[in-house]
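**Q** File name data_30.cif; file contents mmCIF, N, CA and C atoms; full text below.
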data_start
loop_
_atom_site.group_PDB
_atom_site.id
_atom_site.type_symbol
_atom_site.label_atom_id
_atom_site.label_comp_id
_atom_site.auth_asym_id
_atom_site.auth_seq_id
_atom_site.Cartn_x
_atom_site.Cartn_y
_atom_site.Cartn_z
ATOM 1 N N MET A 174 -45.925 -130.544 55.217
ATOM 2 C CA MET A 174 -46.622 -129.293 55.002
ATOM 3 C C MET A 174 -46.610 -128.908 53.521
ATOM 4 N N VAL A 175 -45.474 -129.104 52.858
ATOM 5 C CA VAL A 175 -45.379 -128.762 51.440
ATOM 6 C C VAL A 175 -46.307 -129.657 50.617
ATOM 7 N N GLY A 176 -46.326 -130.949 50.937
ATOM 8 C CA GLY A 176 -47.199 -131.872 50.218
ATOM 9 C C GLY A 176 -48.668 -131.532 50.398
ATOM 10 N N VAL A 177 -49.032 -131.159 51.607
ATOM 11 C CA VAL A 177 -50.418 -130.779 51.887
ATOM 12 C C VAL A 177 -50.776 -129.516 51.112
ATOM 13 N N LEU A 178 -49.873 -128.541 51.123
ATOM 14 C CA LEU A 178 -50.118 -127.297 50.403
ATOM 15 C C LEU A 178 -50.248 -127.543 48.897
ATOM 16 N N ALA A 179 -49.373 -128.376 48.343
ATOM 17 C CA ALA A 179 -49.451 -128.703 46.914
ATOM 18 C C ALA A 179 -50.756 -129.418 46.590
ATOM 19 N N SER A 180 -51.186 -130.324 47.450
ATOM 20 C CA SER A 180 -52.454 -131.035 47.229
ATOM 21 C C SER A 180 -53.636 -130.081 47.262
ATOM 22 N N ILE A 181 -53.628 -129.160 48.202
ATOM 23 C CA ILE A 181 -54.725 -128.195 48.310
ATOM 24 C C ILE A 181 -54.781 -127.317 47.060
ATOM 25 N N ILE A 182 -53.621 -126.864 46.602
ATOM 26 C CA ILE A 182 -53.577 -126.020 45.402
ATOM 27 C C ILE A 182 -54.120 -126.789 44.200
ATOM 28 N N LEU A 183 -53.704 -128.047 44.043
ATOM 29 C CA LEU A 183 -54.190 -128.847 42.917
ATOM 30 C C LEU A 183 -55.690 -129.111 43.016
ATOM 31 N N LEU A 184 -56.178 -129.371 44.220
ATOM 32 C CA LEU A 184 -57.606 -129.643 44.398
ATOM 33 C C LEU A 184 -58.454 -128.403 44.151
ATOM 34 N N ILE A 185 -57.895 -127.225 44.379
ATOM 35 C CA ILE A 185 -58.618 -125.984 44.103
ATOM 36 C C ILE A 185 -58.513 -125.632 42.618
ATOM 37 N N ALA A 186 -57.336 -125.830 42.027
ATOM 38 C CA ALA A 186 -57.109 -125.423 40.642
ATOM 39 C C ALA A 186 -57.901 -126.255 39.636
ATOM 40 N N LEU A 187 -58.038 -127.549 39.873
ATOM 41 C CA LEU A 187 -58.715 -128.415 38.904
ATOM 42 C C LEU A 187 -60.157 -127.987 38.638
ATOM 43 N N PRO A 188 -60.993 -127.784 39.673
ATOM 44 C CA PRO A 188 -62.367 -127.340 39.373
ATOM 45 C C PRO A 188 -62.417 -125.972 38.697
ATOM 46 N N ILE A 189 -61.472 -125.084 39.043
ATOM 47 C CA ILE A 189 -61.454 -123.760 38.410
ATOM 48 C C ILE A 189 -61.172 -123.896 36.920
ATOM 49 N N VAL A 190 -60.183 -124.709 36.569
ATOM 50 C CA VAL A 190 -59.865 -124.929 35.153
ATOM 51 C C VAL A 190 -61.054 -125.575 34.451
ATOM 52 N N MET A 191 -61.734 -126.496 35.126
ATOM 53 C CA MET A 191 -62.888 -127.155 34.520
ATOM 54 C C MET A 191 -64.026 -126.162 34.285
ATOM 55 N N MET A 192 -64.191 -125.182 35.175
ATOM 56 C CA MET A 192 -65.244 -124.175 34.985
ATOM 57 C C MET A 192 -64.888 -123.204 33.871
ATOM 58 N N ILE A 193 -63.615 -122.855 33.756
ATOM 59 C CA ILE A 193 -63.190 -121.882 32.753
ATOM 60 C C ILE A 193 -63.325 -122.454 31.342
ATOM 61 N N ASP A 194 -62.917 -123.689 31.131
ATOM 62 C CA ASP A 194 -62.909 -124.290 29.796
ATOM 63 C C ASP A 194 -63.904 -125.438 29.733
ATOM 64 N N GLN A 195 -65.184 -125.127 29.904
ATOM 65 C CA GLN A 195 -66.205 -126.168 29.899
ATOM 66 C C GLN A 195 -66.349 -126.827 28.531
ATOM 67 N N ALA A 196 -66.213 -126.052 27.468
ATOM 68 C CA ALA A 196 -66.333 -126.636 26.126
ATOM 69 C C ALA A 196 -65.184 -127.605 25.858
ATOM 70 N N GLY A 197 -63.972 -127.229 26.267
ATOM 71 C CA GLY A 197 -62.823 -128.114 26.092
ATOM 72 C C GLY A 197 -62.950 -129.376 26.914
ATOM 73 N N LEU A 198 -63.477 -129.237 28.134
ATOM 74 C CA LEU A 198 -63.694 -130.396 29.003
ATOM 75 C C LEU A 198 -64.715 -131.344 28.369
ATOM 76 N N LYS A 199 -65.805 -130.778 27.860
ATOM 77 C CA LYS A 199 -66.839 -131.610 27.237
ATOM 78 C C LYS A 199 -66.278 -132.347 26.021
ATOM 79 N N ALA A 200 -65.501 -131.633 25.205
ATOM 80 C CA ALA A 200 -64.918 -132.260 24.016
ATOM 81 C C ALA A 200 -63.937 -133.360 24.410
ATOM 82 N N ALA A 201 -63.149 -133.127 25.448
ATOM 83 C CA ALA A 201 -62.185 -134.131 25.893
ATOM 84 C C ALA A 201 -62.880 -135.376 26.422
ATOM 85 N N ILE A 202 -63.973 -135.185 27.141
ATOM 86 C CA ILE A 202 -64.715 -136.336 27.671
ATOM 87 C C ILE A 202 -65.339 -137.119 26.525
ATOM 88 N N GLU A 203 -65.922 -136.403 25.558
ATOM 89 C CA GLU A 203 -66.554 -137.081 24.424
ATOM 90 C C GLU A 203 -65.541 -137.822 23.564
ATOM 91 N N GLU A 204 -64.345 -137.243 23.396
ATOM 92 C CA GLU A 204 -63.308 -137.896 22.595
ATOM 93 C C GLU A 204 -62.655 -139.043 23.345
ATOM 94 N N GLY A 205 -62.616 -138.944 24.674
ATOM 95 C CA GLY A 205 -61.942 -139.966 25.468
ATOM 96 C C GLY A 205 -60.436 -139.941 25.264
ATOM 97 N N THR A 206 -59.869 -138.749 25.064
ATOM 98 C CA THR A 206 -58.447 -138.655 24.762
ATOM 99 C C THR A 206 -57.594 -138.319 25.968
ATOM 100 N N GLY A 207 -58.133 -138.326 27.168
ATOM 101 C CA GLY A 207 -57.332 -137.937 28.313
ATOM 102 C C GLY A 207 -57.048 -136.448 28.296
ATOM 103 N N ALA A 208 -58.071 -135.651 28.069
ATOM 104 C CA ALA A 208 -58.002 -134.187 28.036
ATOM 105 C C ALA A 208 -57.146 -133.677 26.884
ATOM 106 N N GLY A 209 -56.983 -134.482 25.835
ATOM 107 C CA GLY A 209 -56.290 -134.021 24.651
ATOM 108 C C GLY A 209 -54.795 -133.828 24.837
ATOM 109 N N LEU A 210 -54.202 -134.541 25.756
ATOM 110 C CA LEU A 210 -52.768 -134.412 25.993
ATOM 111 C C LEU A 210 -51.997 -134.919 24.784
ATOM 112 N N ASP A 211 -51.065 -134.112 24.331
ATOM 113 C CA ASP A 211 -50.237 -134.474 23.186
ATOM 114 C C ASP A 211 -49.503 -135.778 23.503
ATOM 115 N N PRO A 212 -49.519 -136.755 22.598
ATOM 116 C CA PRO A 212 -48.904 -138.055 22.894
ATOM 117 C C PRO A 212 -47.447 -137.985 23.331
ATOM 118 N N GLU A 213 -46.703 -137.007 22.844
ATOM 119 C CA GLU A 213 -45.297 -136.940 23.248
ATOM 120 C C GLU A 213 -45.137 -136.523 24.706
ATOM 121 N N TRP A 214 -46.197 -135.993 25.306
ATOM 122 C CA TRP A 214 -46.142 -135.601 26.718
ATOM 123 C C TRP A 214 -46.712 -136.670 27.645
ATOM 124 N N MET A 215 -47.244 -137.742 27.107
ATOM 125 C CA MET A 215 -47.892 -138.766 27.932
ATOM 126 C C MET A 215 -46.938 -139.369 28.958
ATOM 127 N N ASP A 216 -45.715 -139.699 28.535
ATOM 128 C CA ASP A 216 -44.769 -140.297 29.471
ATOM 129 C C ASP A 216 -44.382 -139.305 30.562
ATOM 130 N N TRP A 217 -44.255 -138.030 30.200
ATOM 131 C CA TRP A 217 -43.928 -137.013 31.200
ATOM 132 C C TRP A 217 -45.059 -136.855 32.208
ATOM 133 N N ALA A 218 -46.293 -137.019 31.775
ATOM 134 C CA ALA A 218 -47.425 -136.944 32.705
ATOM 135 C C ALA A 218 -47.333 -138.071 33.731
ATOM 136 N N ARG A 219 -46.979 -139.249 33.273
ATOM 137 C CA ARG A 219 -46.841 -140.387 34.189
ATOM 138 C C ARG A 219 -45.680 -140.167 35.158
ATOM 139 N N ILE A 220 -44.569 -139.655 34.671
ATOM 140 C CA ILE A 220 -43.406 -139.387 35.528
ATOM 141 C C ILE A 220 -43.748 -138.321 36.570
ATOM 142 N N THR A 221 -44.432 -137.267 36.140
ATOM 143 C CA THR A 221 -44.802 -136.192 37.062
ATOM 144 C C THR A 221 -45.759 -136.693 38.137
ATOM 145 N N LEU A 222 -46.762 -137.478 37.745
ATOM 146 C CA LEU A 222 -47.691 -138.024 38.730
ATOM 147 C C LEU A 222 -46.968 -138.943 39.708
ATOM 148 N N THR A 223 -46.059 -139.746 39.217
ATOM 149 C CA THR A 223 -45.288 -140.638 40.090
ATOM 150 C C THR A 223 -44.457 -139.826 41.082
ATOM 151 N N ALA A 224 -43.795 -138.779 40.597
ATOM 152 C CA ALA A 224 -42.992 -137.933 41.493
ATOM 153 C C ALA A 224 -43.870 -137.290 42.557
ATOM 154 N N TYR A 225 -45.037 -136.819 42.161
ATOM 155 C CA TYR A 225 -45.966 -136.222 43.123
ATOM 156 C C TYR A 225 -46.380 -137.229 44.188
ATOM 157 N N LEU A 226 -46.713 -138.442 43.768
ATOM 158 C CA LEU A 226 -47.131 -139.469 44.727
ATOM 159 C C LEU A 226 -46.006 -139.858 45.675
ATOM 160 N N VAL A 227 -44.778 -139.936 45.168
ATOM 161 C CA VAL A 227 -43.634 -140.270 46.022
ATOM 162 C C VAL A 227 -43.397 -139.164 47.049
ATOM 163 N N VAL A 228 -43.423 -137.914 46.597
ATOM 164 C CA VAL A 228 -43.204 -136.787 47.516
ATOM 165 C C VAL A 228 -44.320 -136.709 48.551
ATOM 166 N N ALA A 229 -45.552 -136.876 48.116
ATOM 167 C CA ALA A 229 -46.674 -136.829 49.056
ATOM 168 C C ALA A 229 -46.572 -137.946 50.095
ATOM 169 N N SER A 230 -46.201 -139.143 49.667
ATOM 170 C CA SER A 230 -46.052 -140.262 50.608
ATOM 171 C C SER A 230 -44.897 -140.004 51.576
ATOM 172 N N TYR A 231 -43.797 -139.469 51.066
ATOM 173 C CA TYR A 231 -42.650 -139.169 51.928
ATOM 174 C C TYR A 231 -43.042 -138.179 53.030
ATOM 175 N N PHE A 232 -43.670 -137.079 52.632
ATOM 176 C CA PHE A 232 -44.026 -136.075 53.633
ATOM 177 C C PHE A 232 -45.106 -136.576 54.574
ATOM 178 N N SER A 233 -45.969 -137.430 54.105
ATOM 179 C CA SER A 233 -46.970 -138.023 54.979
ATOM 180 C C SER A 233 -46.311 -138.889 56.050
ATOM 181 N N LEU A 234 -45.391 -139.740 55.624
ATOM 182 C CA LEU A 234 -44.675 -140.585 56.588
ATOM 183 C C LEU A 234 -43.772 -139.753 57.493
ATOM 184 N N TYR A 235 -43.150 -138.717 56.941
ATOM 185 C CA TYR A 235 -42.281 -137.853 57.735
ATOM 186 C C TYR A 235 -43.076 -137.165 58.841
ATOM 187 N N SER A 236 -44.250 -136.630 58.495
ATOM 188 C CA SER A 236 -45.051 -135.959 59.521
ATOM 189 C C SER A 236 -45.575 -136.950 60.553
ATOM 190 N N ALA A 237 -45.846 -138.177 60.122
ATOM 191 C CA ALA A 237 -46.329 -139.186 61.074
ATOM 192 C C ALA A 237 -45.240 -139.583 62.057
ATOM 193 N N THR A 238 -43.989 -139.588 61.610
ATOM 194 C CA THR A 238 -42.913 -139.967 62.527
ATOM 195 C C THR A 238 -42.602 -138.850 63.516
ATOM 196 N N GLN A 239 -42.978 -137.618 63.198
ATOM 197 C CA GLN A 239 -42.750 -136.509 64.124
ATOM 198 C C GLN A 239 -43.687 -136.585 65.317
ATOM 199 N N GLY A 240 -44.838 -137.107 65.094
ATOM 200 C CA GLY A 240 -45.816 -137.312 66.156
ATOM 201 C C GLY A 240 -46.604 -138.558 65.806
ATOM 202 N N ALA A 241 -46.302 -139.645 66.461
ATOM 203 C CA ALA A 241 -46.869 -140.947 66.082
ATOM 204 C C ALA A 241 -48.353 -141.069 66.400
ATOM 205 N N MET A 242 -48.966 -139.968 66.779
ATOM 206 C CA MET A 242 -50.376 -139.989 67.148
ATOM 207 C C MET A 242 -51.270 -140.487 66.002
ATOM 208 N N PHE A 243 -50.923 -140.131 64.758
ATOM 209 C CA PHE A 243 -51.755 -140.514 63.616
ATOM 210 C C PHE A 243 -51.112 -141.586 62.752
ATOM 211 N N LEU A 244 -50.082 -142.245 63.251
ATOM 212 C CA LEU A 244 -49.395 -143.277 62.481
ATOM 213 C C LEU A 244 -50.351 -144.384 62.057
ATOM 214 N N TRP A 245 -51.312 -144.696 62.890
ATOM 215 C CA TRP A 245 -52.294 -145.738 62.575
ATOM 216 C C TRP A 245 -53.109 -145.380 61.331
ATOM 217 N N ALA A 246 -53.286 -144.100 61.053
ATOM 218 C CA ALA A 246 -54.061 -143.685 59.882
ATOM 219 C C ALA A 246 -53.163 -143.457 58.660
ATOM 220 N N VAL A 247 -51.911 -143.077 58.892
ATOM 221 C CA VAL A 247 -51.016 -142.752 57.788
ATOM 222 C C VAL A 247 -50.642 -143.993 56.994
ATOM 223 N N ILE A 248 -50.314 -145.063 57.679
ATOM 224 C CA ILE A 248 -49.876 -146.280 56.985
ATOM 225 C C ILE A 248 -50.952 -146.796 56.028
ATOM 226 N N PRO A 249 -52.192 -146.997 56.470
ATOM 227 C CA PRO A 249 -53.197 -147.483 55.510
ATOM 228 C C PRO A 249 -53.482 -146.510 54.371
ATOM 229 N N THR A 250 -53.459 -145.204 54.649
ATOM 230 C CA THR A 250 -53.764 -144.260 53.579
ATOM 231 C C THR A 250 -52.600 -144.093 52.613
ATOM 232 N N ASP A 251 -51.389 -144.427 53.021
ATOM 233 C CA ASP A 251 -50.254 -144.374 52.098
ATOM 234 C C ASP A 251 -50.163 -145.607 51.213
ATOM 235 N N ILE A 252 -50.968 -146.591 51.465
ATOM 236 C CA ILE A 252 -50.994 -147.771 50.603
ATOM 237 C C ILE A 252 -51.566 -147.407 49.231
ATOM 238 N N LEU A 253 -52.541 -146.513 49.192
ATOM 239 C CA LEU A 253 -53.164 -146.129 47.926
ATOM 240 C C LEU A 253 -52.174 -145.487 46.950
ATOM 241 N N PRO A 254 -51.365 -144.497 47.364
ATOM 242 C CA PRO A 254 -50.381 -143.962 46.412
ATOM 243 C C PRO A 254 -49.373 -145.008 45.931
ATOM 244 N N VAL A 255 -48.989 -145.925 46.807
ATOM 245 C CA VAL A 255 -48.052 -146.981 46.390
ATOM 246 C C VAL A 255 -48.714 -147.875 45.342
ATOM 247 N N LEU A 256 -49.979 -148.215 45.543
ATOM 248 C CA LEU A 256 -50.709 -149.012 44.548
ATOM 249 C C LEU A 256 -50.844 -148.253 43.230
ATOM 250 N N MET A 257 -51.103 -146.939 43.304
ATOM 251 C CA MET A 257 -51.225 -146.136 42.091
ATOM 252 C C MET A 257 -49.910 -146.109 41.310
ATOM 253 N N ILE A 258 -48.797 -145.989 42.026
ATOM 254 C CA ILE A 258 -47.487 -146.012 41.364
ATOM 255 C C ILE A 258 -47.282 -147.356 40.667
ATOM 256 N N GLY A 259 -47.628 -148.435 41.357
ATOM 257 C CA GLY A 259 -47.510 -149.759 40.753
ATOM 258 C C GLY A 259 -48.369 -149.892 39.509
ATOM 259 N N LEU A 260 -49.594 -149.371 39.574
ATOM 260 C CA LEU A 260 -50.488 -149.461 38.418
ATOM 261 C C LEU A 260 -50.034 -148.563 37.265
ATOM 262 N N LEU A 261 -49.283 -147.527 37.563
ATOM 263 C CA LEU A 261 -48.773 -146.652 36.505
ATOM 264 C C LEU A 261 -47.581 -147.241 35.763
ATOM 265 N N TRP A 262 -46.844 -148.154 36.416
ATOM 266 C CA TRP A 262 -45.587 -148.612 35.832
ATOM 267 C C TRP A 262 -45.525 -150.108 35.544
ATOM 268 N N ILE A 263 -46.312 -150.943 36.207
ATOM 269 C CA ILE A 263 -46.141 -152.389 36.080
ATOM 270 C C ILE A 263 -46.912 -153.006 34.912
ATOM 271 N N PRO A 264 -48.235 -152.805 34.788
ATOM 272 C CA PRO A 264 -48.955 -153.506 33.712
ATOM 273 C C PRO A 264 -48.507 -153.058 32.316
ATOM 274 N N ALA A 265 -48.301 -154.021 31.430
ATOM 275 C CA ALA A 265 -47.858 -153.736 30.065
ATOM 276 C C ALA A 265 -48.839 -152.845 29.293
ATOM 277 N N PRO A 266 -50.166 -153.055 29.402
ATOM 278 C CA PRO A 266 -51.076 -152.166 28.661
ATOM 279 C C PRO A 266 -50.945 -150.699 29.086
ATOM 280 N N VAL A 267 -50.681 -150.476 30.346
ATOM 281 C CA VAL A 267 -50.525 -149.095 30.824
ATOM 282 C C VAL A 267 -49.230 -148.500 30.280
ATOM 283 N N ARG A 268 -48.176 -149.287 30.271
ATOM 284 C CA ARG A 268 -46.906 -148.801 29.713
ATOM 285 C C ARG A 268 -47.071 -148.448 28.243
ATOM 286 N N ARG A 269 -47.809 -149.278 27.500
ATOM 287 C CA ARG A 269 -48.045 -148.989 26.077
ATOM 288 C C ARG A 269 -48.874 -147.718 25.906
ATOM 289 N N TYR A 270 -49.858 -147.515 26.776
ATOM 290 C CA TYR A 270 -50.717 -146.336 26.681
ATOM 291 C C TYR A 270 -49.909 -145.058 26.878
ATOM 292 N N PHE A 271 -48.994 -145.057 27.834
ATOM 293 C CA PHE A 271 -48.215 -143.866 28.139
ATOM 294 C C PHE A 271 -46.968 -143.709 27.271
ATOM 295 N N LYS A 272 -46.643 -144.726 26.482
ATOM 296 C CA LYS A 272 -45.449 -144.642 25.641
ATOM 297 C C LYS A 272 -45.649 -143.562 24.588
ATOM 298 N N PRO A 273 -44.652 -142.691 24.413
ATOM 299 C CA PRO A 273 -44.790 -141.646 23.384
ATOM 300 C C PRO A 273 -44.989 -142.275 22.012
ATOM 301 N N GLN A 274 -45.939 -141.743 21.283
ATOM 302 C CA GLN A 274 -46.229 -142.247 19.939
ATOM 303 C C GLN A 274 -45.338 -141.516 18.940
ATOM 304 N N ARG A 275 -44.450 -142.237 18.336
ATOM 305 C CA ARG A 275 -43.576 -141.646 17.330
ATOM 306 C C ARG A 275 -44.088 -142.028 15.944
ATOM 307 N N PRO A 276 -44.026 -141.099 15.026
ATOM 308 C CA PRO A 276 -44.482 -141.442 13.676
ATOM 309 C C PRO A 276 -43.609 -142.543 13.070
ATOM 310 N N THR A 277 -44.257 -143.451 12.409
ATOM 311 C CA THR A 277 -43.536 -144.546 11.771
ATOM 312 C C THR A 277 -43.348 -144.230 10.299
ATOM 313 N N ALA A 278 -42.273 -144.743 9.755
ATOM 314 C CA ALA A 278 -42.004 -144.530 8.326
ATOM 315 C C ALA A 278 -43.057 -145.287 7.516
ATOM 316 N N HIS A 279 -43.511 -144.663 6.477
ATOM 317 C CA HIS A 279 -44.531 -145.285 5.629
ATOM 318 C C HIS A 279 -43.863 -146.340 4.739
ATOM 319 N N GLN A 280 -44.332 -147.558 4.820
ATOM 320 C CA GLN A 280 -43.812 -148.654 4.005
ATOM 321 C C GLN A 280 -44.792 -148.918 2.863
ATOM 322 N N PRO A 281 -44.377 -148.785 1.602
ATOM 323 C CA PRO A 281 -45.296 -149.036 0.469
ATOM 324 C C PRO A 281 -45.603 -150.498 0.291
#
In structure tokens, what does this structure look like?

**A**
Amino acid sequence: MVGVLASIILLIALPIVMMIDQAGLKAAIEEGTGAGLDPEWMDWARITLTAYLVVASYFSLYSATQGAMFLWAVIPTDILPVLMIGLLWIPAPVRRYFKPQRPTAHQP
């Protein structure tokens, strides 16, 4: 129930934020910067998304075990969050993308 409620809130909030800051959304899309997220927060974004996917999958499986009526649908649909977690952490290019960018010392 908590996972469903959190998902509903996020699905409602995202379009509202997009309507409120249309100029910022347009600029972020044109820049291709991932909505202008500060590089030092990139790793935290990945960690937060992973935690959300784990919690959502847990509650999905938990609710399915309470009444196995929809177990046939829960298992296949929980494969997607597991794949997303794998894609967030396994490929090296993705790890490099989310790695916090620290300023390097200037070498003359």

**Q** Which residue gives the smallest distance to Phe271 in chain A among A:Trp214, A:Tyr225, A:Phe232, A:Phe243, with only C-alpha atoms counted?

**A**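 The closest residue to Phe271 in chain A is A:Trp214.
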
**Q** List the spatial neighbours of Val227 in chain A as JSON, numbers by chain - criterion: any atom at most 8 Å away, all atoms listed in the file, same-chain residues fewer than 4 positions off excluded.

**A** {"A": [221, 222, 223, 231, 232, 233, 254, 255, 258]}

**Q** Could the residues in this selection be written to a file with N, CA and C atoms, as a JSON list (two decimals), in the coordinates of the input?

**A**
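Produced file selection.json, reproduced below:
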[["chain", "number", "residue", "atom", "x", "y", "z"],
["A", 221, "THR", "N", -44.43, -137.27, 36.14],
["A", 221, "THR", "CA", -44.80, -136.19, 37.06],
["A", 221, "THR", "C", -45.76, -136.69, 38.14],
["A", 222, "LEU", "N", -46.76, -137.48, 37.74],
["A", 222, "LEU", "CA", -47.69, -138.02, 38.73],
["A", 222, "LEU", "C", -46.97, -138.94, 39.71],
["A", 223, "THR", "N", -46.06, -139.75, 39.22],
["A", 223, "THR", "CA", -45.29, -140.64, 40.09],
["A", 223, "THR", "C", -44.46, -139.83, 41.08],
["A", 231, "TYR", "N", -43.80, -139.47, 51.07],
["A", 231, "TYR", "CA", -42.65, -139.17, 51.93],
["A", 231, "TYR", "C", -43.04, -138.18, 53.03],
["A", 232, "PHE", "N", -43.67, -137.08, 52.63],
["A", 232, "PHE", "CA", -44.03, -136.07, 53.63],
["A", 232, "PHE", "C", -45.11, -136.58, 54.57],
["A", 233, "SER", "N", -45.97, -137.43, 54.10],
["A", 233, "SER", "CA", -46.97, -138.02, 54.98],
["A", 233, "SER", "C", -46.31, -138.89, 56.05],
["A", 254, "PRO", "N", -51.36, -144.50, 47.36],
["A", 254, "PRO", "CA", -50.38, -143.96, 46.41],
["A", 254, "PRO", "C", -49.37, -145.01, 45.93],
["A", 255, "VAL", "N", -48.99, -145.93, 46.81],
["A", 255, "VAL", "CA", -48.05, -146.98, 46.39],
["A", 255, "VAL", "C", -48.71, -147.88, 45.34],
["A", 258, "ILE", "N", -48.80, -145.99, 42.03],
["A", 258, "ILE", "CA", -47.49, -146.01, 41.36],
["A", 258, "ILE", "C", -47.28, -147.36, 40.67]]

**Q** What is the CA of Ser236 in chain A to CA of Met174 in chain A distance in Å?

**A**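 Rounded to one decimal, the two atoms are 8.2 Å apart.
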
**Q** Can you work out the spacing between CA of Ile220 in chain A and CA of Val190 in chain A in Å, to one decimal?

**A**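 According to the coordinates, CA of Ile220 in chain A and CA of Val190 in chain A are separated by 21.9 Å.
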
**Q** Can you tell me, as lines of an AutoDock Vina configuration file, the centre and edge lengths (Å, one decimal) of the axis-aligned box enclosing all of range 251-259 of chain A's listed atoms after padding each side by 5 Å?

**A**
center_x = -50.2
center_y = -146.9
center_z = 46.3
size_x = 15.9
size_y = 15.9
size_z = 23.5

**Q** Tell me, in Å to one decimal, how far atom C of Ala179 in chain A is from CA of Ala200 in chain A.

**A**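 It comes out at 26.8 Å.
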
**Q** Can you save range 181-194 of chain A of the given block to a file, including C-alpha atoms and formatted as a PDB file, in the first residue's frame?

**A**
ATOM      1  CA  ILE A 181       0.750   7.604  -7.299  1.00  0.00           C
ATOM      2  CA  ILE A 182       2.173  10.716  -5.629  1.00  0.00           C
ATOM      3  CA  LEU A 183       5.231  10.661  -7.906  1.00  0.00           C
ATOM      4  CA  LEU A 184       3.117  10.100 -11.022  1.00  0.00           C
ATOM      5  CA  ILE A 185       0.918  13.069 -10.101  1.00  0.00           C
ATOM      6  CA  ALA A 186       3.768  15.360  -9.003  1.00  0.00           C
ATOM      7  CA  LEU A 187       5.948  14.971 -12.111  1.00  0.00           C
ATOM      8  CA  PRO A 188       3.453  16.431 -14.633  1.00  0.00           C
ATOM      9  CA  ILE A 189       2.610  19.246 -12.196  1.00  0.00           C
ATOM     10  CA  VAL A 190       6.281  20.203 -11.866  1.00  0.00           C
ATOM     11  CA  MET A 191       6.637  19.992 -15.651  1.00  0.00           C
ATOM     12  CA  MET A 192       3.676  22.373 -16.113  1.00  0.00           C
ATOM     13  CA  ILE A 193       4.936  24.847 -13.517  1.00  0.00           C
ATOM     14  CA  ASP A 194       8.495  25.139 -14.885  1.00  0.00           C
TER      15      ASP A 194
END
